[in-house]
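*Asks:* The structure under discussion is supplied below as structure tokens; questions concerning it will follow.
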Amino acid sequence: MEGNMKLTQLIAAVGIGLALPLSAEAQGRTQIDTTVRIDRQGTVDLSLVSGTIRVTGWDRADVRISAATEGNARLRFDANLSRITLSLDNEYGRGRHSRNSARYVVSVPRGTRLSLEAVSGDITATGSQGEIDATSVSGDVDVSNGTREVNAESVSGSVRVAQVNGNLRAESVSGDVRAETVSGRVEASTVSGVIRLVGIQSRDVRTKTVSGDILYTGSIDGGGKYDFESHSGTLRLNIPRWSGANISVETFSGDVNTDFAVIRQPRGRGRQRGSFEFTIGDGRARISAQTFSGRIYINNRDSDPTTRRDDE
């Protein structure tokens, strides 16, 4: 895994802003239900220790926030036209028996930038049509309809991203990573999970996992670069039959199998073993597929019988 993950910064959630007058404190709860204005492409910053964050994009110019806590922690809220921040004030949540759970339900104007952080909680965001940065330590992250730059990370949860018109970075340690319908640069990594990339249209794809499989179903752009690496997992690449690429494969104890008619393949079409290169079509793109003990399949997407099953 690369060292650029921010997950270690979330072990203590940080509250920013001014405390808003809150209600229902006699029940050990605080809550907010309010609507505020934000500039076009402003930022909504939400963070919590445990609980859930759910964000939905809508066509109004306002941000609607409904939030409540359980336990001793209080909500802290700050709003101006460029940035809205909601977090927990940990001064009220200390102690061995404290519970710092919260639930945020937020609607944002389309185009809003989202910054979402949780320590032990699930994050869901859909329809925002702006940049998204979503990170959880032990929860699942599920985001869709992002643009320009989308970052989705979890340590022990799964990461699912869909409908990204821009660049994507998706990372997990022990969870699966799945991305569907992405049109920009793709970076996907996990340690023990499976990586599934489906409906990808990109000229720059980089994937890495230690013990999980990698599935790629997408285009191969002329001049593009595609890297797939797993130590003990299987690599399955489903690409259009008219693709043009120079393909470098490497496996120590696994097999390499392709149904493409290839040029410069040492032992002919079909099953191979070891390290070698071959060319399909005009050879303009560069594909690298590496695994130590797993198998490598490079299939014509039109003729691969497993594609439909894997995409579902």
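Chain identifiers are assigned as A, B, and so on, following the order in which chains appear in the structure tokens; residues are numbered from 1 within each chain, and ligands are numbered from 1 in order of appearance.
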Among stretch 29-188 of chain A, which residues carry a DSSP assignment of strand (DSSP E or B), reported as a VMD selection string?
*Replies:* chain A and resid 31 to 37 43 to 58 62 to 71 74 to 79 83 to 89 100 to 109 113 to 126 132 to 136 141 to 154 159 to 172 177 to 182 186 to 188
*Asks:* Could you dump the residues just selected with C-alpha atoms as a CSV table (one decimal), in the first residue's frame?
*Replies:*
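Contents of the output file selection10.csv:
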chain,number,residue,atom,x,y,z
A,31,GLN,CA,-29.8,17.3,17.4
A,32,ILE,CA,-29.9,19.7,14.5
A,33,ASP,CA,-32.5,20.2,11.8
A,34,THR,CA,-31.7,23.2,9.7
A,35,THR,CA,-31.3,24.6,6.2
A,36,VAL,CA,-28.5,27.0,5.2
A,37,ARG,CA,-27.3,28.6,2.0
A,43,THR,CA,-17.5,22.5,0.6
A,44,VAL,CA,-19.6,20.5,3.1
A,45,ASP,CA,-17.3,19.0,5.8
A,46,LEU,CA,-18.8,16.2,7.9
A,47,SER,CA,-17.0,14.1,10.5
A,48,LEU,CA,-17.9,11.8,13.4
A,49,VAL,CA,-16.5,9.1,15.7
A,50,SER,CA,-19.2,6.4,15.2
A,51,GLY,CA,-22.5,6.3,13.5
A,52,THR,CA,-23.5,7.0,9.9
A,53,ILE,CA,-23.1,9.8,7.3
A,54,ARG,CA,-25.6,9.9,4.4
A,55,VAL,CA,-25.4,12.6,1.8
A,56,THR,CA,-27.7,13.1,-1.2
A,57,GLY,CA,-27.4,15.7,-4.0
A,58,TRP,CA,-30.5,17.7,-5.0
A,62,ASP,CA,-29.4,25.2,0.1
A,63,VAL,CA,-27.9,22.5,2.3
A,64,ARG,CA,-30.4,20.7,4.5
A,65,ILE,CA,-28.9,19.1,7.7
A,66,SER,CA,-30.6,16.6,10.0
A,67,ALA,CA,-28.3,15.3,12.7
A,68,ALA,CA,-28.6,13.7,16.1
A,69,THR,CA,-26.2,12.2,18.7
A,70,GLU,CA,-26.4,9.4,21.3
A,71,GLY,CA,-24.4,9.8,24.5
A,74,ARG,CA,-22.4,17.4,21.4
A,75,LEU,CA,-22.6,18.5,17.8
A,76,ARG,CA,-20.5,21.5,16.6
A,77,PHE,CA,-21.7,23.4,13.6
A,78,ASP,CA,-20.2,26.3,11.6
A,79,ALA,CA,-21.6,27.7,8.4
A,83,ARG,CA,-17.9,26.0,3.8
A,84,ILE,CA,-20.3,24.2,6.1
A,85,THR,CA,-18.8,22.1,8.9
A,86,LEU,CA,-20.5,19.6,11.2
A,87,SER,CA,-18.6,17.5,13.8
A,88,LEU,CA,-18.6,16.2,17.3
A,89,ASP,CA,-17.3,18.2,20.3
A,100,ASN,CA,-20.2,9.1,20.8
A,101,SER,CA,-22.6,7.9,18.2
A,102,ALA,CA,-24.2,10.2,15.7
A,103,ARG,CA,-26.3,10.1,12.5
A,104,TYR,CA,-26.1,12.7,9.8
A,105,VAL,CA,-28.6,13.0,6.9
A,106,VAL,CA,-27.6,15.8,4.6
A,107,SER,CA,-28.8,17.1,1.2
A,108,VAL,CA,-26.5,19.3,-0.8
A,109,PRO,CA,-26.7,21.3,-4.1
A,113,ARG,CA,-17.5,19.4,-2.7
A,114,LEU,CA,-17.8,16.8,0.0
A,115,SER,CA,-15.2,16.0,2.8
A,116,LEU,CA,-16.6,13.0,4.8
A,117,GLU,CA,-14.7,11.3,7.7
A,118,ALA,CA,-15.7,8.6,10.2
A,119,VAL,CA,-13.7,6.5,12.7
A,120,SER,CA,-16.3,3.7,13.2
A,121,GLY,CA,-19.1,4.4,10.8
A,122,ASP,CA,-20.5,3.9,7.4
A,123,ILE,CA,-20.4,6.7,4.7
A,124,THR,CA,-22.9,7.0,1.8
A,125,ALA,CA,-22.9,9.8,-0.7
A,126,THR,CA,-24.9,9.9,-4.0
A,132,ILE,CA,-15.7,13.7,-3.0
A,133,ASP,CA,-13.2,12.8,-0.3
A,134,ALA,CA,-14.7,10.0,1.9
A,135,THR,CA,-12.7,8.1,4.6
A,136,SER,CA,-13.6,5.6,7.3
A,141,VAL,CA,-17.7,3.7,2.1
A,142,ASP,CA,-20.2,3.9,-0.8
A,143,VAL,CA,-20.1,6.9,-3.1
A,144,SER,CA,-21.5,7.7,-6.5
A,145,ASN,CA,-22.0,10.5,-9.0
A,146,GLY,CA,-18.7,12.3,-8.3
A,147,THR,CA,-16.8,14.5,-10.7
A,148,ARG,CA,-13.2,15.7,-11.2
A,149,GLU,CA,-11.5,14.0,-8.2
A,150,VAL,CA,-13.0,11.2,-6.0
A,151,ASN,CA,-11.1,9.6,-3.1
A,152,ALA,CA,-12.7,6.7,-1.1
A,153,GLU,CA,-10.8,4.9,1.6
A,154,SER,CA,-11.5,2.4,4.4
A,159,VAL,CA,-15.2,0.6,-0.7
A,160,ARG,CA,-17.7,0.9,-3.6
A,161,VAL,CA,-17.6,3.7,-6.1
A,162,ALA,CA,-19.9,4.3,-9.1
A,163,GLN,CA,-20.5,6.8,-11.9
A,164,VAL,CA,-17.4,8.9,-11.6
A,165,ASN,CA,-16.7,11.5,-14.3
A,166,GLY,CA,-13.1,12.1,-13.4
A,167,ASN,CA,-10.2,10.6,-11.5
A,168,LEU,CA,-10.7,7.9,-8.8
A,169,ARG,CA,-8.5,6.7,-5.9
A,170,ALA,CA,-10.1,3.8,-4.0
A,171,GLU,CA,-8.2,2.0,-1.1
A,172,SER,CA,-8.9,-0.5,1.6
A,177,VAL,CA,-12.8,-2.4,-3.6
A,178,ARG,CA,-15.3,-2.1,-6.4
A,179,ALA,CA,-15.6,0.7,-9.0
A,180,GLU,CA,-18.2,0.9,-11.8
A,181,THR,CA,-18.3,3.3,-14.7
A,182,VAL,CA,-15.3,5.6,-14.3
A,186,VAL,CA,-8.1,4.9,-11.7
A,187,GLU,CA,-5.9,3.9,-8.7
A,188,ALA,CA,-7.3,1.0,-6.7
*Asks:* I want to know what sits within 6 Å of A:Ser156, based on only C-alpha atoms, with residues of the same chain fewer than 3 positions away left out; could you give that as a PyMOL selection string?
*Replies:* chain A and resi 138+173-175
*Asks:* Store the residues picked out above in a file with N, CA and C atoms, as a PDB file, in the first residue's frame.
*Replies:*
ATOM      1  N   SER A 138     -13.285   1.865  10.205  1.00  0.00           N
ATOM      2  CA  SER A 138     -13.861   0.525  10.286  1.00  0.00           C
ATOM      3  C   SER A 138     -15.242   0.425   9.661  1.00  0.00           C
ATOM      4  N   VAL A 173      -7.822  -1.828   3.327  1.00  0.00           N
ATOM      5  CA  VAL A 173      -6.825  -2.765   3.836  1.00  0.00           C
ATOM      6  C   VAL A 173      -7.383  -4.179   3.820  1.00  0.00           C
ATOM      7  N   SER A 174      -8.479  -4.413   4.527  1.00  0.00           N
ATOM      8  CA  SER A 174      -9.030  -5.766   4.595  1.00  0.00           C
ATOM      9  C   SER A 174     -10.383  -5.895   3.905  1.00  0.00           C
ATOM     10  N   GLY A 175     -10.818  -4.867   3.214  1.00  0.00           N
ATOM     11  CA  GLY A 175     -12.095  -4.923   2.526  1.00  0.00           C
ATOM     12  C   GLY A 175     -11.943  -4.986   1.023  1.00  0.00           C
TER      13      GLY A 175
END
*Asks:* With distances taken over only C-alpha atoms, which residue among A:Asp255, A:Glu277, A:Asp176, A:Asp282 lies nearest A:Gly223?
*Replies:*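 Using only C-alpha atoms, the shortest distance to A:Gly223 belongs to A:Asp282.
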*Asks:* Quick one: distance from atom CA of A:Ile195 to atom CA of A:Thr217 in Å, one decimal?
*Replies:* 11.3 Å
*Asks:* I need the residues of stretch 15-185 of chain A that end up classed as helix (DSSP H, G or I) by DSSP on the backbone, written out as a PDB file with N, CA and C atoms, in the first residue's frame.
*Replies:*
ATOM      1  N   GLU A  25     -31.463  17.729  25.042  1.00  0.00           N
ATOM      2  CA  GLU A  25     -30.322  17.324  25.847  1.00  0.00           C
ATOM      3  C   GLU A  25     -30.738  16.514  27.065  1.00  0.00           C
ATOM      4  N   ALA A  26     -31.979  16.649  27.521  1.00  0.00           N
ATOM      5  CA  ALA A  26     -32.424  15.889  28.691  1.00  0.00           C
ATOM      6  C   ALA A  26     -32.446  14.399  28.411  1.00  0.00           C
ATOM      7  N   GLN A  27     -32.566  14.012  27.171  1.00  0.00           N
ATOM      8  CA  GLN A  27     -32.569  12.601  26.798  1.00  0.00           C
ATOM      9  C   GLN A  27     -31.166  12.071  26.520  1.00  0.00           C
ATOM     10  N   ASN A  90     -15.661  16.671  21.237  1.00  0.00           N
ATOM     11  CA  ASN A  90     -15.225  15.554  22.075  1.00  0.00           C
ATOM     12  C   ASN A  90     -15.064  15.908  23.545  1.00  0.00           C
ATOM     13  N   GLU A  91     -15.077  17.186  23.889  1.00  0.00           N
ATOM     14  CA  GLU A  91     -14.975  17.561  25.291  1.00  0.00           C
ATOM     15  C   GLU A  91     -16.149  17.017  26.093  1.00  0.00           C
ATOM     16  N   TYR A  92     -17.273  16.801  25.413  1.00  0.00           N
ATOM     17  CA  TYR A  92     -18.465  16.281  26.093  1.00  0.00           C
ATOM     18  C   TYR A  92     -18.579  14.770  25.972  1.00  0.00           C
TER      19      TYR A  92
END
*Asks:* Which neighbours of A:Arg40 fall inside 8 Å, counting only C-alpha atoms, when residues of the same chain fewer than 2 positions from it are skipped, and could you give them as an MDAnalysis selection string?
*Replies:* chainID A and resid 38 42 61 109 111:112
*Asks:* Any chance you can output those residues with C-alpha atoms as a PDB file, in the first residue's frame?
*Replies:*
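Saved as selection_29.pdb:
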ATOM      1  CA  ILE A  38     -23.931  27.724   0.336  1.00  0.00           C
ATOM      2  CA  GLY A  42     -18.733  25.212  -1.855  1.00  0.00           C
ATOM      3  CA  ALA A  61     -29.242  25.934  -3.662  1.00  0.00           C
ATOM      4  CA  PRO A 109     -26.689  21.256  -4.076  1.00  0.00           C
ATOM      5  CA  GLY A 111     -21.629  20.451  -7.576  1.00  0.00           C
ATOM      6  CA  THR A 112     -20.861  20.724  -3.857  1.00  0.00           C
TER       7      THR A 112
END
*Asks:* Please list as number ranges by chain every residue within 7 Å of A:Phe292, counting only C-alpha atoms and excluding residues in the same chain fewer than 3 positions away.
*Replies:* A: 231-232, 251-253
*Asks:* Please indicate the distance in Å from atom CA of A:Ile220 to atom CA of A:Gln129, rounded to one decimal place.
*Replies:*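 Between atom CA of A:Ile220 and atom CA of A:Gln129 the gap works out to 25.8 Å.
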*Asks:* Could you tell me how far atom CA of A:Leu197 lies from atom CA of A:Tyr297, in Å and to one decimal?
*Replies:*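 Result for atom CA of A:Leu197 versus atom CA of A:Tyr297: 14.9 Å, one decimal.
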*Asks:* What's around stretch 241-243 of chain A at 10 Å? Count only C-alpha atoms, leave out sequence neighbours fewer than 5 positions away in its own chain, and write the answer as an mmCIF file with N, CA and C atoms, in the first residue's frame.
*Replies:*
data_model
loop_
_atom_site.group_PDB
_atom_site.id
_atom_site.type_symbol
_atom_site.label_atom_id
_atom_site.label_comp_id
_atom_site.auth_asym_id
_atom_site.auth_seq_id
_atom_site.Cartn_x
_atom_site.Cartn_y
_atom_site.Cartn_z
ATOM 1 N N SER A 219 -12.230 -0.551 -21.287
ATOM 2 C CA SER A 219 -11.574 -0.238 -22.542
ATOM 3 C C SER A 219 -10.058 -0.237 -22.380
ATOM 4 N N ILE A 220 -9.363 -0.335 -23.519
ATOM 5 C CA ILE A 220 -7.913 -0.160 -23.587
ATOM 6 C C ILE A 220 -7.665 0.966 -24.580
ATOM 7 N N ASP A 221 -7.228 2.097 -24.069
ATOM 8 C CA ASP A 221 -7.047 3.281 -24.902
ATOM 9 C C ASP A 221 -5.676 3.265 -25.562
ATOM 10 N N GLY A 222 -5.604 3.629 -26.851
ATOM 11 C CA GLY A 222 -4.321 3.691 -27.526
ATOM 12 C C GLY A 222 -3.372 4.647 -26.820
ATOM 13 N N ASP A 259 -7.436 -15.769 -25.019
ATOM 14 C CA ASP A 259 -8.113 -16.229 -26.225
ATOM 15 C C ASP A 259 -7.901 -15.261 -27.382
ATOM 16 N N PHE A 260 -6.946 -14.313 -27.239
ATOM 17 C CA PHE A 260 -6.592 -13.433 -28.338
ATOM 18 C C PHE A 260 -5.637 -14.135 -29.298
ATOM 19 N N ALA A 261 -5.741 -13.771 -30.557
ATOM 20 C CA ALA A 261 -4.715 -14.153 -31.530
ATOM 21 C C ALA A 261 -3.567 -13.168 -31.357
ATOM 22 N N ILE A 280 -1.084 -7.516 -29.090
ATOM 23 C CA ILE A 280 -2.375 -7.668 -29.757
ATOM 24 C C ILE A 280 -2.661 -6.365 -30.498
ATOM 25 N N GLY A 281 -3.227 -6.471 -31.671
ATOM 26 C CA GLY A 281 -3.544 -5.289 -32.450
ATOM 27 C C GLY A 281 -2.314 -4.471 -32.783
ATOM 28 N N ASP A 282 -2.431 -3.135 -32.685
ATOM 29 C CA ASP A 282 -1.325 -2.257 -33.038
ATOM 30 C C ASP A 282 -0.301 -2.078 -31.925
ATOM 31 N N GLY A 283 -0.577 -2.626 -30.726
ATOM 32 C CA GLY A 283 0.406 -2.593 -29.646
ATOM 33 C C GLY A 283 0.657 -1.233 -29.035
ATOM 34 N N ARG A 284 -0.227 -0.268 -29.212
ATOM 35 C CA ARG A 284 0.039 1.086 -28.738
ATOM 36 C C ARG A 284 -0.062 1.222 -27.226
ATOM 37 N N ALA A 285 -1.022 0.572 -26.602
ATOM 38 C CA ALA A 285 -1.168 0.657 -25.146
ATOM 39 C C ALA A 285 -0.160 -0.259 -24.466
ATOM 40 N N ASN A 299 -8.830 -11.940 -21.678
ATOM 41 C CA ASN A 299 -9.897 -12.471 -22.509
ATOM 42 C C ASN A 299 -10.499 -11.432 -23.431
ATOM 43 N N ASN A 300 -10.908 -11.895 -24.589
ATOM 44 C CA ASN A 300 -11.758 -11.139 -25.486
ATOM 45 C C ASN A 300 -13.108 -10.973 -24.791
ATOM 46 N N ARG A 301 -13.482 -9.739 -24.498
ATOM 47 C CA ARG A 301 -14.700 -9.506 -23.729
ATOM 48 C C ARG A 301 -15.935 -10.079 -24.399
ATOM 49 N N ASP A 302 -15.957 -10.091 -25.716
ATOM 50 C CA ASP A 302 -17.128 -10.604 -26.431
ATOM 51 C C ASP A 302 -17.274 -12.117 -26.298
ATOM 52 N N SER A 303 -16.147 -12.811 -26.044
ATOM 53 C CA SER A 303 -16.219 -14.273 -26.024
ATOM 54 C C SER A 303 -15.988 -14.869 -24.653
#
*Asks:* Find the residue from A:Ser293, A:Ser183, A:Ser192, A:Ser202 that sits nearest to A:Thr234; use only C-alpha atoms when measuring.
*Replies:*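 Nearest candidate to A:Thr234 out of A:Ser293, A:Ser183, A:Ser192, A:Ser202: A:Ser293.
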